[in-house]
file work.txt (compact mmCIF, C-alpha atoms (C1' of nucleotides))
# COMPACT_ATOMS: atom_id res chain seq x y z
CA MET A 284 -10.05 -44.99 -19.20
CA VAL A 285 -9.39 -45.35 -15.51
CA GLY A 286 -8.73 -42.37 -13.28
CA SER A 287 -8.71 -38.65 -13.88
CA ILE A 288 -5.97 -36.33 -14.97
CA PHE A 289 -4.99 -36.12 -11.32
CA THR A 290 -4.52 -39.86 -10.74
CA ARG A 291 -1.00 -39.90 -12.07
CA HIS A 292 0.02 -37.00 -9.88
CA ILE A 293 -1.60 -38.37 -6.80
CA GLU A 294 0.09 -41.74 -7.20
CA LYS A 295 3.42 -40.22 -8.03
CA ARG A 296 3.28 -38.02 -5.00
CA ASN A 297 5.52 -39.53 -2.42
CA THR A 298 4.69 -38.02 0.89
CA LEU A 299 7.82 -36.20 1.85
CA ILE A 300 5.80 -33.86 3.95
CA LYS A 301 3.77 -35.61 6.60
CA ASN A 302 1.83 -32.58 7.71
CA LYS A 303 1.91 -29.52 5.53
CA ASP A 304 -0.16 -27.22 7.73
CA VAL A 305 2.57 -27.13 10.35
CA LEU A 306 4.85 -25.32 7.92
CA GLN A 307 2.31 -22.63 7.06
CA THR A 308 2.99 -19.30 8.69
CA SER A 309 -0.64 -19.17 9.77
CA TYR A 310 -0.24 -22.36 11.81
CA LEU A 311 -0.52 -21.74 15.52
CA PRO A 312 1.90 -23.98 17.42
CA GLU A 313 1.22 -25.53 20.82
CA GLU A 314 4.16 -23.72 22.26
CA MET A 315 6.29 -20.86 21.13
CA PRO A 316 10.02 -21.32 21.59
CA HIS A 317 11.93 -18.24 22.78
CA ARG A 318 8.84 -16.16 23.39
CA SER A 319 7.73 -17.33 26.82
CA ALA A 320 8.91 -14.14 28.51
CA GLU A 321 6.86 -11.99 26.13
CA ILE A 322 3.81 -14.21 26.47
CA ASP A 323 4.10 -14.05 30.21
CA SER A 324 4.24 -10.31 30.49
CA ILE A 325 1.33 -9.81 28.11
CA ALA A 326 -0.65 -12.42 30.00
CA THR A 327 -0.10 -10.59 33.31
CA ILE A 328 -1.46 -7.41 31.79
CA ILE A 329 -4.47 -9.02 30.15
CA ALA A 330 -5.31 -11.26 33.10
CA SER A 331 -6.99 -8.32 34.82
CA ALA A 332 -9.81 -8.72 32.31
CA PHE A 333 -10.99 -11.68 34.36
CA GLN A 334 -11.45 -9.40 37.33
CA ARG A 335 -13.56 -7.27 35.00
CA ASP A 336 -10.93 -4.57 35.07
CA ARG A 337 -9.73 -2.91 31.92
CA PRO A 338 -6.29 -4.19 30.99
CA SER A 339 -3.84 -1.48 29.98
CA ASN A 340 -3.50 -0.74 26.31
CA ILE A 341 -0.42 -2.36 24.85
CA LEU A 342 1.77 -1.46 21.93
CA ILE A 343 3.96 -4.21 20.55
CA PHE A 344 6.88 -3.51 18.28
CA GLY A 345 9.09 -5.88 16.38
CA LYS A 346 10.37 -6.58 12.88
CA THR A 347 8.45 -8.89 10.58
CA GLY A 348 8.62 -12.52 11.56
CA THR A 349 9.48 -11.93 15.21
CA GLY A 350 6.34 -13.68 16.35
CA LYS A 351 4.20 -10.69 17.30
CA THR A 352 1.06 -11.87 15.59
CA ALA A 353 1.62 -15.48 16.54
CA VAL A 354 2.05 -14.54 20.21
CA MET A 355 -1.13 -12.47 20.24
CA ASN A 356 -3.13 -15.20 18.55
CA PHE A 357 -1.65 -17.69 20.96
CA ILE A 358 -2.87 -15.50 23.80
CA GLY A 359 -6.26 -15.17 22.13
CA ASN A 360 -6.51 -18.94 22.09
CA GLU A 361 -5.56 -19.21 25.73
CA LEU A 362 -8.13 -16.57 26.52
CA ARG A 363 -10.81 -18.68 24.91
CA LYS A 364 -9.61 -21.74 26.81
CA GLU A 365 -9.94 -19.86 30.08
CA ASP A 366 -13.34 -18.48 29.19
CA PRO A 367 -14.85 -20.84 26.59
CA SER A 368 -18.31 -19.31 26.55
CA GLY A 369 -16.95 -15.79 26.27
CA ASN A 370 -18.79 -14.59 29.35
CA THR A 371 -16.33 -12.05 30.55
CA CYS A 372 -13.84 -11.49 27.82
CA VAL A 373 -14.01 -11.09 24.05
CA TYR A 374 -10.96 -11.21 21.83
CA ILE A 375 -11.16 -9.34 18.53
CA TYR A 376 -8.37 -9.50 15.99
CA ILE A 377 -8.15 -7.10 13.07
CA ASN A 378 -5.42 -6.96 10.49
CA CYS A 379 -5.07 -3.32 9.48
CA LYS A 380 -3.33 -4.22 6.27
CA ILE A 381 -6.60 -5.71 5.07
CA VAL A 382 -8.95 -3.36 6.90
CA ASP A 383 -7.27 0.02 6.73
CA THR A 384 -9.96 2.66 6.98
CA GLN A 385 -11.70 4.21 9.96
CA TYR A 386 -14.96 2.90 8.69
CA GLY A 387 -13.63 -0.58 8.09
CA ILE A 388 -12.24 -0.88 11.62
CA LEU A 389 -15.49 0.21 13.24
CA GLN A 390 -17.49 -2.00 10.91
CA ASN A 391 -15.28 -4.95 11.71
CA ILE A 392 -15.55 -4.49 15.47
CA GLY A 393 -19.27 -3.94 15.15
CA ASN A 394 -19.83 -7.06 13.11
CA GLN A 395 -17.84 -9.20 15.51
CA THR A 396 -19.73 -7.91 18.53
CA MET A 397 -23.13 -8.06 16.88
CA ALA A 398 -22.66 -11.48 15.31
CA ASP A 399 -24.71 -13.22 18.00
CA SER A 400 -27.62 -10.83 17.72
CA GLY A 401 -27.83 -11.36 13.97
CA LYS A 402 -27.34 -7.68 13.24
CA SER A 403 -24.51 -6.31 11.18
CA ILE A 404 -23.07 -3.04 10.01
CA THR A 405 -23.37 -2.24 6.37
CA THR A 406 -21.68 0.39 4.28
CA GLY A 407 -23.13 3.76 3.41
CA LEU A 408 -23.66 5.06 6.93
CA SER A 409 -21.90 8.04 8.41
CA ILE A 410 -18.92 7.52 10.68
CA GLU A 411 -20.86 9.06 13.57
CA LYS A 412 -23.73 6.63 13.17
CA VAL A 413 -21.42 3.64 12.96
CA SER A 414 -19.38 4.74 15.98
CA SER A 415 -22.43 5.12 18.17
CA ASP A 416 -23.90 1.81 16.96
CA VAL A 417 -20.66 0.05 17.76
CA ARG A 418 -20.39 1.72 21.14
CA ASN A 419 -23.92 0.72 22.09
CA SER A 420 -23.38 -2.82 20.94
CA ILE A 421 -20.20 -3.07 22.98
CA ASP A 422 -21.87 -1.66 26.07
CA GLU A 423 -24.81 -4.04 25.84
CA HIS A 424 -22.53 -7.03 26.18
CA LYS A 425 -21.21 -6.04 29.60
CA LYS A 426 -17.84 -7.64 28.90
CA VAL A 427 -14.20 -6.76 28.54
CA PHE A 428 -13.15 -6.44 24.91
CA ILE A 429 -9.58 -6.95 23.82
CA VAL A 430 -9.15 -5.45 20.38
CA VAL A 431 -5.94 -6.38 18.61
CA LEU A 432 -4.96 -4.10 15.75
CA ASP A 433 -2.26 -5.85 13.78
CA GLU A 434 -0.04 -3.72 11.51
CA ILE A 435 -1.45 -0.64 13.18
CA ASP A 436 1.21 1.52 11.52
CA HIS A 437 -0.42 0.79 8.20
CA LEU A 438 -3.71 2.13 9.50
CA VAL A 439 -2.20 5.31 10.92
CA PHE A 440 -0.24 5.92 7.76
CA LYS A 441 -3.22 5.37 5.51
CA SER A 442 -6.14 6.83 7.44
CA GLY A 443 -4.70 8.81 10.32
CA ASP A 444 -5.32 8.24 14.00
CA ASP A 445 -8.97 9.28 14.28
CA VAL A 446 -10.26 5.76 14.96
CA LEU A 447 -7.53 5.21 17.50
CA TYR A 448 -8.49 8.44 19.18
CA TYR A 449 -12.09 7.32 19.28
CA LEU A 450 -11.32 3.78 20.47
CA SER A 451 -8.83 4.91 23.08
CA LYS A 452 -11.33 7.17 24.75
CA ILE A 453 -14.39 5.03 24.21
CA ASN A 454 -14.17 3.78 27.80
CA GLU A 455 -15.33 7.18 29.03
CA ASP A 456 -18.67 6.54 27.36
CA LEU A 457 -19.05 2.91 28.32
CA LYS A 458 -21.08 2.12 31.41
CA HIS A 459 -21.00 -1.67 31.51
CA SER A 460 -18.28 -2.85 29.18
CA LYS A 461 -14.59 -2.12 28.87
CA LEU A 462 -12.32 -2.04 25.91
CA SER A 463 -8.59 -2.27 25.70
CA LEU A 464 -6.39 -2.01 22.66
CA VAL A 465 -3.38 -4.00 21.61
CA GLY A 466 -1.49 -2.41 18.72
CA ILE A 467 1.05 -4.38 16.76
CA SER A 468 3.53 -2.60 14.54
CA ASN A 469 6.80 -3.36 12.89
CA SER A 470 8.14 0.14 12.97
CA LEU A 471 8.69 2.42 15.92
CA LYS A 472 8.50 5.37 13.62
CA PHE A 473 4.74 5.45 13.20
CA LYS A 474 4.31 6.91 16.68
CA GLU A 475 5.46 10.23 15.26
CA HIS A 476 2.41 10.36 13.03
CA MET A 477 0.07 10.13 15.98
CA ASP A 478 -1.55 12.81 18.05
CA PRO A 479 0.26 13.00 21.41
CA ARG A 480 -2.95 12.30 23.31
CA VAL A 481 -3.61 9.12 21.35
CA LYS A 482 0.00 8.14 21.73
CA SER A 483 0.03 8.40 25.48
CA ARG A 484 -3.22 6.53 25.85
CA LEU A 485 -2.16 3.77 23.49
CA CYS A 486 1.27 3.34 25.02
CA GLU A 487 0.25 2.50 28.54
CA GLU A 488 2.39 -0.57 28.13
CA GLN A 489 5.02 -0.99 25.49
CA MET A 490 6.88 -4.07 24.38
CA ILE A 491 9.59 -4.76 21.90
CA PHE A 492 10.08 -8.16 20.32
CA PRO A 493 13.74 -8.59 19.45
CA PRO A 494 14.62 -10.40 16.22
CA TYR A 495 15.43 -14.09 16.55
CA ASP A 496 19.04 -15.07 16.10
CA ALA A 497 20.07 -17.97 13.88
CA LYS A 498 20.14 -20.42 16.78
CA GLN A 499 16.62 -19.52 17.87
CA ILE A 500 15.25 -19.80 14.35
CA GLU A 501 16.84 -23.21 14.18
CA ASP A 502 14.95 -24.24 17.30
CA ILE A 503 11.70 -22.98 15.86
CA LEU A 504 12.27 -24.82 12.61
CA ARG A 505 13.18 -28.01 14.42
CA SER A 506 10.05 -27.88 16.55
CA ARG A 507 7.96 -27.66 13.39
CA ALA A 508 10.06 -30.10 11.37
CA VAL A 509 9.44 -32.83 13.92
CA LEU A 510 5.74 -32.56 13.19
CA ALA A 511 6.05 -32.04 9.47
CA PHE A 512 8.63 -34.61 8.43
CA ASP A 513 9.63 -38.16 9.22
CA ASP A 514 13.18 -38.78 10.31
CA GLY A 515 15.82 -38.60 7.63
CA ILE A 516 13.80 -36.59 5.14
CA LEU A 517 15.71 -33.43 5.83
CA GLU A 518 19.43 -33.54 5.25
CA ASN A 519 21.38 -32.34 8.25
CA ASP A 520 22.42 -28.99 6.90
CA VAL A 521 18.96 -27.96 5.65
CA ILE A 522 17.60 -26.42 8.83
CA PRO A 523 20.80 -24.55 9.77
CA TYR A 524 20.95 -23.22 6.23
CA CYS A 525 17.35 -21.95 6.28
CA ALA A 526 18.03 -20.40 9.67
CA ALA A 527 21.22 -18.73 8.50
CA LEU A 528 19.58 -17.27 5.42
CA SER A 529 16.69 -15.81 7.35
CA ALA A 530 18.86 -14.59 10.20
CA GLN A 531 20.56 -12.44 7.58
CA GLU A 532 17.14 -11.05 6.81
CA MET A 533 16.73 -9.57 10.27
CA GLY A 534 15.70 -12.75 12.05
CA ASP A 535 12.51 -13.31 10.16
CA ALA A 536 11.10 -16.65 11.29
CA ARG A 537 8.34 -16.44 8.73
CA ARG A 538 10.87 -16.36 5.92
CA ALA A 539 12.62 -19.36 7.43
CA LEU A 540 9.39 -21.36 7.44
CA ASP A 541 8.59 -20.29 3.89
CA LEU A 542 12.03 -21.42 2.80
CA LEU A 543 11.66 -24.80 4.42
CA ARG A 544 8.16 -25.33 3.08
CA VAL A 545 8.94 -24.30 -0.47
CA ALA A 546 12.16 -26.32 -0.47
CA ALA A 547 10.29 -29.42 0.67
CA ASP A 548 7.62 -28.73 -1.92
CA ILE A 549 10.19 -28.60 -4.67
CA ALA A 550 11.85 -31.80 -3.49
CA GLU A 551 8.51 -33.52 -3.31
CA ARG A 552 7.41 -32.43 -6.74
CA THR A 553 10.63 -33.49 -8.38
CA GLY A 554 10.17 -36.87 -6.75
CA GLU A 555 13.24 -36.88 -4.59
CA SER A 556 13.55 -38.74 -1.34
CA ALA A 557 15.19 -36.03 0.73
CA VAL A 558 15.34 -32.27 1.01
CA THR A 559 18.80 -30.85 0.41
CA GLU A 560 20.55 -27.53 0.70
CA ALA A 561 20.22 -27.10 -3.06
CA HIS A 562 16.44 -27.21 -2.73
CA VAL A 563 16.61 -24.43 -0.18
CA ARG A 564 18.70 -22.29 -2.52
CA TYR A 565 16.21 -22.90 -5.28
CA ALA A 566 13.38 -22.05 -2.91
CA LYS A 567 15.03 -18.76 -2.00
CA ASN A 568 15.03 -17.63 -5.63
CA LYS A 569 11.52 -18.83 -6.23
CA ILE A 570 10.15 -16.95 -3.22
CA GLU A 571 11.89 -13.73 -4.22
CA MET A 572 10.61 -13.98 -7.77
CA ASP A 573 7.08 -14.82 -6.64
CA ILE A 574 6.90 -11.77 -4.43
CA VAL A 575 7.99 -9.50 -7.25
CA SER A 576 5.67 -10.95 -9.89
CA GLU A 577 2.75 -10.92 -7.49
CA THR A 578 3.17 -7.24 -6.67
CA VAL A 579 3.72 -6.29 -10.29
CA LYS A 580 0.63 -8.20 -11.34
CA THR A 581 -1.59 -6.28 -8.94
CA LEU A 582 -0.47 -2.83 -10.07
CA THR A 583 -2.98 -0.61 -11.86
CA GLN A 584 -2.52 -0.03 -15.56
CA GLN A 585 -1.19 3.47 -14.94
CA SER A 586 1.40 2.17 -12.48
CA LYS A 587 2.38 -0.55 -14.93
CA THR A 588 2.81 2.07 -17.62
CA VAL A 589 5.03 4.13 -15.33
CA LEU A 590 7.05 1.02 -14.50
CA MET A 591 7.29 0.27 -18.20
CA SER A 592 8.65 3.76 -18.81
CA ILE A 593 11.30 3.17 -16.18
CA ILE A 594 12.26 -0.13 -17.80
CA HIS A 595 12.52 1.55 -21.19
CA ASN A 596 14.81 4.17 -19.70
CA THR A 597 17.10 1.54 -18.23
CA ASN A 598 20.02 0.46 -20.35
CA ASP A 599 23.38 -1.12 -19.74
CA ASP A 600 25.49 1.97 -19.45
CA ASN A 601 22.99 4.16 -17.62
CA LYS A 602 20.76 2.59 -15.02
CA THR A 603 19.43 5.74 -13.40
CA MET A 604 17.05 8.43 -14.65
CA THR A 605 15.11 11.46 -13.42
CA THR A 606 11.39 12.05 -13.04
CA GLY A 607 11.47 14.20 -16.16
CA ASP A 608 12.99 11.35 -18.20
CA VAL A 609 10.36 8.92 -17.01
CA TYR A 610 7.52 11.33 -17.66
CA ALA A 611 8.64 11.99 -21.22
CA VAL A 612 8.62 8.28 -22.06
CA TYR A 613 5.45 7.77 -20.10
CA LYS A 614 3.57 10.26 -22.24
CA LYS A 615 4.58 8.42 -25.39
CA LEU A 616 3.63 5.05 -23.97
CA CYS A 617 0.22 6.40 -23.03
CA ASP A 618 -0.21 7.50 -26.60
CA ILE A 619 0.59 4.03 -27.92
CA LEU A 620 -1.57 2.32 -25.31
CA GLN A 621 -4.34 4.84 -25.90
CA ILE A 622 -4.83 5.59 -22.24
CA SER A 623 -5.21 8.97 -20.57
CA VAL A 624 -2.05 10.86 -19.66
CA LEU A 625 -1.79 11.73 -15.99
CA THR A 626 -0.12 14.88 -14.73
CA GLN A 627 3.48 14.81 -13.65
CA ARG A 628 2.36 15.44 -10.10
CA ARG A 629 0.42 12.21 -10.10
CA VAL A 630 3.21 10.32 -11.80
CA THR A 631 5.67 11.32 -9.06
CA ASP A 632 3.23 9.80 -6.58
CA LEU A 633 3.07 6.60 -8.62
CA ILE A 634 6.86 6.47 -8.69
CA SER A 635 6.92 6.90 -4.91
CA GLU A 636 4.46 4.03 -4.60
CA LEU A 637 6.70 1.82 -6.72
CA ASP A 638 9.53 2.85 -4.43
CA MET A 639 7.59 1.82 -1.35
CA LEU A 640 6.82 -1.53 -2.93
CA GLY A 641 10.54 -2.04 -3.44
CA ILE A 642 10.18 -2.28 -7.21
CA VAL A 643 12.28 0.80 -7.86
CA HIS A 644 14.69 2.83 -5.78
CA ALA A 645 13.95 6.55 -6.05
CA PRO A 646 15.62 8.88 -3.53
CA VAL A 647 15.51 12.61 -4.26
CA LYS A 648 18.83 14.17 -5.03
CA SER A 649 19.89 17.68 -5.80
CA PHE A 650 22.10 18.46 -8.78
CA GLY A 651 22.70 22.06 -7.81
CA ARG A 652 21.90 24.31 -10.71
CA ALA A 653 20.63 21.34 -12.66
CA GLY A 654 17.73 21.10 -10.25
CA ARG A 655 16.46 18.68 -7.71
CA THR A 656 14.67 15.47 -8.62
CA LYS A 657 14.19 11.81 -7.89
CA VAL A 658 17.01 9.58 -9.07
CA ILE A 659 15.17 6.48 -10.17
CA GLU A 660 16.65 3.04 -10.55
CA LEU A 661 14.98 -0.29 -11.19
CA SER A 662 15.58 -2.65 -8.29
CA ILE A 663 14.12 -5.81 -9.73
CA PRO A 664 15.37 -7.94 -12.63
CA MET A 665 14.53 -6.82 -16.15
CA ASP A 666 12.56 -10.07 -16.60
CA VAL A 667 9.50 -8.28 -15.30
CA CYS A 668 9.39 -6.64 -18.68
CA ASN A 669 8.05 -9.91 -20.06
CA MET A 670 5.58 -10.21 -17.22
CA LEU A 671 4.32 -6.75 -18.05
CA THR A 672 3.92 -7.27 -21.78
CA ASP A 673 2.08 -10.55 -21.14
CA ASP A 674 -0.54 -8.44 -19.51
CA ASP A 675 -3.61 -7.90 -21.67
CA SER A 676 -3.74 -4.19 -21.08
CA MET A 677 -0.14 -3.84 -22.20
CA LYS A 678 -0.59 -5.93 -25.37
CA PRO A 679 -0.07 -3.04 -27.77
CA LEU A 680 3.54 -2.83 -26.63
CA LYS A 681 4.16 -6.42 -27.59
CA THR A 682 4.05 -6.16 -31.34
CA SER A 683 7.56 -5.84 -32.68
CA LYS A 684 6.90 -2.71 -34.67
CA LEU A 685 5.77 -0.79 -31.64
CA ARG A 686 8.46 -2.20 -29.48
CA LYS A 687 11.03 -0.94 -31.92
CA GLN A 688 9.33 2.40 -31.84
CA THR A 689 9.39 2.55 -28.07
CA THR A 690 12.98 1.46 -27.66
CA LEU A 691 13.95 4.33 -29.89
CA LEU A 692 12.43 6.85 -27.53
C1' DC B 90 26.56 34.47 -0.01
C1' DC B 91 23.05 34.44 -3.44
C1' DT B 92 20.61 32.39 -7.51
C1' DC B 93 18.11 29.44 -9.78
C1' DC B 94 16.98 24.85 -11.78
C1' DA B 95 13.78 20.92 -11.90
C1' DC B 96 11.41 19.17 -9.62
C1' DC B 97 9.18 17.77 -4.59
C1' DG B 98 5.23 17.24 -1.96
C1' DG B 99 1.33 19.38 0.95
C1' DA B 100 -3.47 21.02 0.53
C1' DA B 101 -7.79 21.59 -1.31
C1' DC B 102 -10.92 20.18 -4.40
C1' DG B 103 -13.54 17.32 -8.19
C1' DT B 104 -15.51 13.05 -9.97
C1' DG B 105 -17.57 8.83 -10.01
C1' DA B 106 -18.32 4.13 -8.10
C1' DG B 107 -20.67 1.53 -4.63
C1' DG B 108 -23.89 1.27 -1.05
C1' DA B 109 -27.85 2.80 2.46
C1' DG B 110 -31.88 4.92 4.11
C1' DT B 111 -36.36 7.01 3.23
C1' DA C 275 -36.18 8.57 -7.12
C1' DC C 276 -33.50 11.09 -4.28
C1' DT C 277 -30.22 12.21 -0.73
C1' DC C 278 -26.36 11.06 1.85
C1' DC C 279 -22.26 8.48 3.09
C1' DT C 280 -17.10 6.81 2.20
C1' DC C 281 -13.22 6.07 -0.67
C1' DA C 282 -10.08 5.70 -4.65
C1' DC C 283 -8.01 8.24 -7.98
C1' DG C 284 -6.86 12.54 -10.16
C1' DT C 285 -6.17 17.57 -10.91
C1' DT C 286 -4.77 22.36 -9.86
C1' DC C 287 -2.22 25.44 -7.32
C1' DC C 288 1.77 26.66 -5.16
C1' DG C 289 5.24 27.31 -1.60
C1' DG C 290 9.50 24.78 -0.76
C1' DT C 291 14.46 23.18 -1.45
C1' DG C 292 19.65 21.13 -1.87
C1' DG C 293 23.51 22.45 -3.71
C1' DA C 294 26.58 23.73 -8.13
C1' DG C 295 27.86 27.72 -10.23
C1' DG C 296 28.30 32.61 -10.39

call {"tool": "encode", "arguments": {"input": "work.txt", "output": "structure tokens"}}
result
Amino acid sequence: MVGSIFTRHIEKRNTLIKNKDVLQTSYLPEEMPHRSAEIDSIATIIASAFQRDRPSNILIFGKTGTGKTAVMNFIGNELRKEDPSGNTCVYIYINCKIVDTQYGILQNIGNQTMADSGKSITTGLSIEKVSSDVRNSIDEHKKVFIVVLDEIDHLVFKSGDDVLYYLSKINEDLKHSKLSLVGISNSLKFKEHMDPRVKSRLCEEQMIFPPYDAKQIEDILRSRAVLAFDDGILENDVIPYCAALSAQEMGDARRALDLLRVAADIAERTGESAVTEAHVRYAKNKIEMDIVSETVKTLTQQSKTVLMSIIHNTNDDNKTMTTGDVYAVYKKLCDILQISVLTQRRVTDLISELDMLGIVHAPVKSFGRAGRTKVIELSIPMDVCNMLTDDDSMKPLKTSKLRKQTTLL
DNA sequence: CCTCCACCGGAACGTGAGGAGT
DNA sequence: ACTCCTCACGTTCCGGTGGAGG
């Protein structure tokens, strides 16, 4: 037999997409359409690092997909071009959605500054020890450090502003080095959760990235499409359609790129010679479904059980329910699944988490004498029910006998 | 205007996993 | 082997609270 199981697929694959990387959201373009003003003003602030001055701390706001992260990484790249050996300036990027604890942030900065000396920061040390280690390591370098904290709101929300307090006043204890912070956030609201002192120090400069409009998203898509596709692969209305769809979603350029990439993927896989508007529509559904199933998959068993209780409480004529309703069903499900029953207090927290993930909608509402409670409604399709019962830990609910039992609840 | 329901949600604390230093 | 650290996940306790009905 000639060839592997892949041969057929490799041969069949017509190359609709010339360069796939260009359509990834992580791809860093050579130039950034409609963001030159922002790049310029950040560059003026940061340029002082080359005079060995401390650039002002910057806070950048903007909705998702407005190019905040891309602009900062673009600037980071330019910084390295200007100073290839890193003699005066070090650029450190941390995504606070991934690293969201005080300890993690310090550890991350420490590891990036100590990398050349072969040392590293491990876990199990006290915060005080780690902070002083990091501070010493920074000072030894005698450089200007630009620390970018992406999704900083997530950090503040999750772990408070202690690290920010520490980092924003670290310069007082540095003799040779300097450190400036760039915070990136998609909500303005998180400032309220910060200590006023931290806030004022962090907000020395503030910038807001406005959402892109449909025309601008079109430009961005076109600049990428030129690199990713040969002429004639995209039907004329594809890019405007992607742009229009994502402009509806608050000018999210990332969504627009995802749409285009997934649409092209679908067209390629089905062996078609061009990408059409229909592919984009299909891509839109696929992306939405993928997001939901991915988040549901990563829930803990307890959260899945709570979600299951909400699904069981949902029926055609009554889509909403109260915390009490959910908890009653939840207790029975726990019994069937043979898992421990959490307190109602904890379950309300789990429901709130599901709310934050966009899986359910659960505002609190008062019914006067009838009390005050969350009014819970499922905000994803019922199909997730199947996704949930496919899960190993939820197997017991799959047998028909038990399912009958649970639907009767 | 007051009451009172059915929870909400903050605070403090407990437990146990995962890792480090000594 | 023992102590010490963080962090995730829960529990217990308890003071609120919006608004329909008296």

call {"tool": "interface_residues", "arguments": {"input": "work.txt", "of": "chain A", "to": "chain C", "cutoff": "6 Å", "atoms": "only C-alpha atoms (C1' of nucleotides)", "output": "CSV table (one decimal) with C-alpha atoms, in the frame of the given file"}}
result
chain,number,residue,atom,x,y,z
A,407,GLY,CA,-23.1,3.8,3.4
A,408,LEU,CA,-23.7,5.1,6.9
A,409,SER,CA,-21.9,8.0,8.4
A,649,SER,CA,19.9,17.7,-5.8
A,651,GLY,CA,22.7,22.1,-7.8
A,652,ARG,CA,21.9,24.3,-10.7

call {"tool": "interface_residues", "arguments": {"input": "work.txt", "of": "chain A", "to": "chain B", "cutoff": "10 Å", "atoms": "only C-alpha atoms (C1' of nucleotides)", "output": "list of chain:residue names"}}
result
A:Thr405, A:Thr406, A:Gly407, A:Leu408, A:Ser409, A:Thr605, A:Thr606, A:Gly607, A:Gln627, A:Arg628, A:Thr631, A:Asp632, A:Val647, A:Ser649, A:Phe650, A:Gly651, A:Arg652, A:Ala653, A:Gly654, A:Arg655, A:Thr656, A:Lys657

call {"tool": "write_last_selection", "arguments": {"input": "work.txt", "atoms": "C-alpha atoms", "output": "PDB file, in the coordinates of the input"}}
result
ATOM      1  CA  THR A 405     -23.370  -2.240   6.370  1.00  0.00           C
ATOM      2  CA  THR A 406     -21.680   0.390   4.280  1.00  0.00           C
ATOM      3  CA  GLY A 407     -23.130   3.760   3.410  1.00  0.00           C
ATOM      4  CA  LEU A 408     -23.660   5.060   6.930  1.00  0.00           C
ATOM      5  CA  SER A 409     -21.900   8.040   8.410  1.00  0.00           C
ATOM      6  CA  THR A 605      15.110  11.460 -13.420  1.00  0.00           C
ATOM      7  CA  THR A 606      11.390  12.050 -13.040  1.00  0.00           C
ATOM      8  CA  GLY A 607      11.470  14.200 -16.160  1.00  0.00           C
ATOM      9  CA  GLN A 627       3.480  14.810 -13.650  1.00  0.00           C
ATOM     10  CA  ARG A 628       2.360  15.440 -10.100  1.00  0.00           C
ATOM     11  CA  THR A 631       5.670  11.320  -9.060  1.00  0.00           C
ATOM     12  CA  ASP A 632       3.230   9.800  -6.580  1.00  0.00           C
ATOM     13  CA  VAL A 647      15.510  12.610  -4.260  1.00  0.00           C
ATOM     14  CA  SER A 649      19.890  17.680  -5.800  1.00  0.00           C
ATOM     15  CA  PHE A 650      22.100  18.460  -8.780  1.00  0.00           C
ATOM     16  CA  GLY A 651      22.700  22.060  -7.810  1.00  0.00           C
ATOM     17  CA  ARG A 652      21.900  24.310 -10.710  1.00  0.00           C
ATOM     18  CA  ALA A 653      20.630  21.340 -12.660  1.00  0.00           C
ATOM     19  CA  GLY A 654      17.730  21.100 -10.250  1.00  0.00           C
ATOM     20  CA  ARG A 655      16.460  18.680  -7.710  1.00  0.00           C
ATOM     21  CA  THR A 656      14.670  15.470  -8.620  1.00  0.00           C
ATOM     22  CA  LYS A 657      14.190  11.810  -7.890  1.00  0.00           C
TER      23      LYS A 657
END

call {"tool": "atom_distance", "arguments": {"input": "work.txt", "atom1": "atom CA of Val643 of chain A", "atom2": "atom CA of Glu660 of chain A"}}
result
5.6 Å

call {"tool": "atom_distance", "arguments": {"input": "work.txt", "atom1": "atom CA of Val658 of chain A", "atom2": "atom CA of Pro646 of chain A"}}
result
5.8 Å

call {"tool": "residues_around", "arguments": {"input": "work.txt", "residues": "Cys372 of chain A", "least_positions_apart": "4", "cutoff": "6 Å", "atoms": "only C-alpha atoms (C1' of nucleotides)", "output": "JSON, numbers by chain"}}
result
{"A": [426, 427, 428]}

call {"tool": "write_last_selection", "arguments": {"input": "work.txt", "atoms": "C-alpha atoms", "output": "PDB file, in the coordinates of the input"}}
result
ATOM      1  CA  LYS A 426     -17.840  -7.640  28.900  1.00  0.00           C
ATOM      2  CA  VAL A 427     -14.200  -6.760  28.540  1.00  0.00           C
ATOM      3  CA  PHE A 428     -13.150  -6.440  24.910  1.00  0.00           C
TER       4      PHE A 428
END

call {"tool": "residues_around", "arguments": {"input": "work.txt", "residues": "segment 506-513 of chain A", "least_positions_apart": "6", "cutoff": "12 Å", "atoms": "only C-alpha atoms (C1' of nucleotides)", "output": "JSON, numbers by chain"}}
result
{"A": [298, 299, 300, 301, 302, 303, 304, 305, 306, 307, 308, 310, 311, 312, 313, 314, 315, 316, 317, 499, 500, 519, 521, 522, 536, 539, 540, 543, 544, 547, 548, 551, 556, 557, 558]}

call {"tool": "residues_around", "arguments": {"input": "work.txt", "residues": "Lys614 of chain A", "least_positions_apart": "2", "cutoff": "12 Å", "atoms": "only C-alpha atoms (C1' of nucleotides)", "output": "list in words"}}
result
Gln585, Thr588, Val589, Met591, Ser592, Gly607, Asp608, Val609, Tyr610, Ala611, Val612, Leu616, Cys617, Asp618, Ile619, Leu620, Gln621, Ile622, Ser623, Val624, Leu625, Thr626, Gln627, Val630, Thr689 and Leu692 of chain A

call {"tool": "atom_distance", "arguments": {"input": "work.txt", "atom1": "atom CA of Gln531 of chain A", "atom2": "atom CA of Leu471 of chain A"}}
result
20.8 Å

call {"tool": "residues_around", "arguments": {"input": "work.txt", "residues": "Ala561 of chain A", "least_positions_apart": "3", "cutoff": "12 Å", "atoms": "all atoms listed in the file", "output": "list in words"}}
result
Leu517, Glu518, Asp520, Val521, Tyr524, Cys525, Leu542, Leu543, Val545, Ala546, Ala547, Ile549, Ala550, Ala557, Val558, Arg564, Tyr565, Ala566, Lys567 and Asn568 of chain A
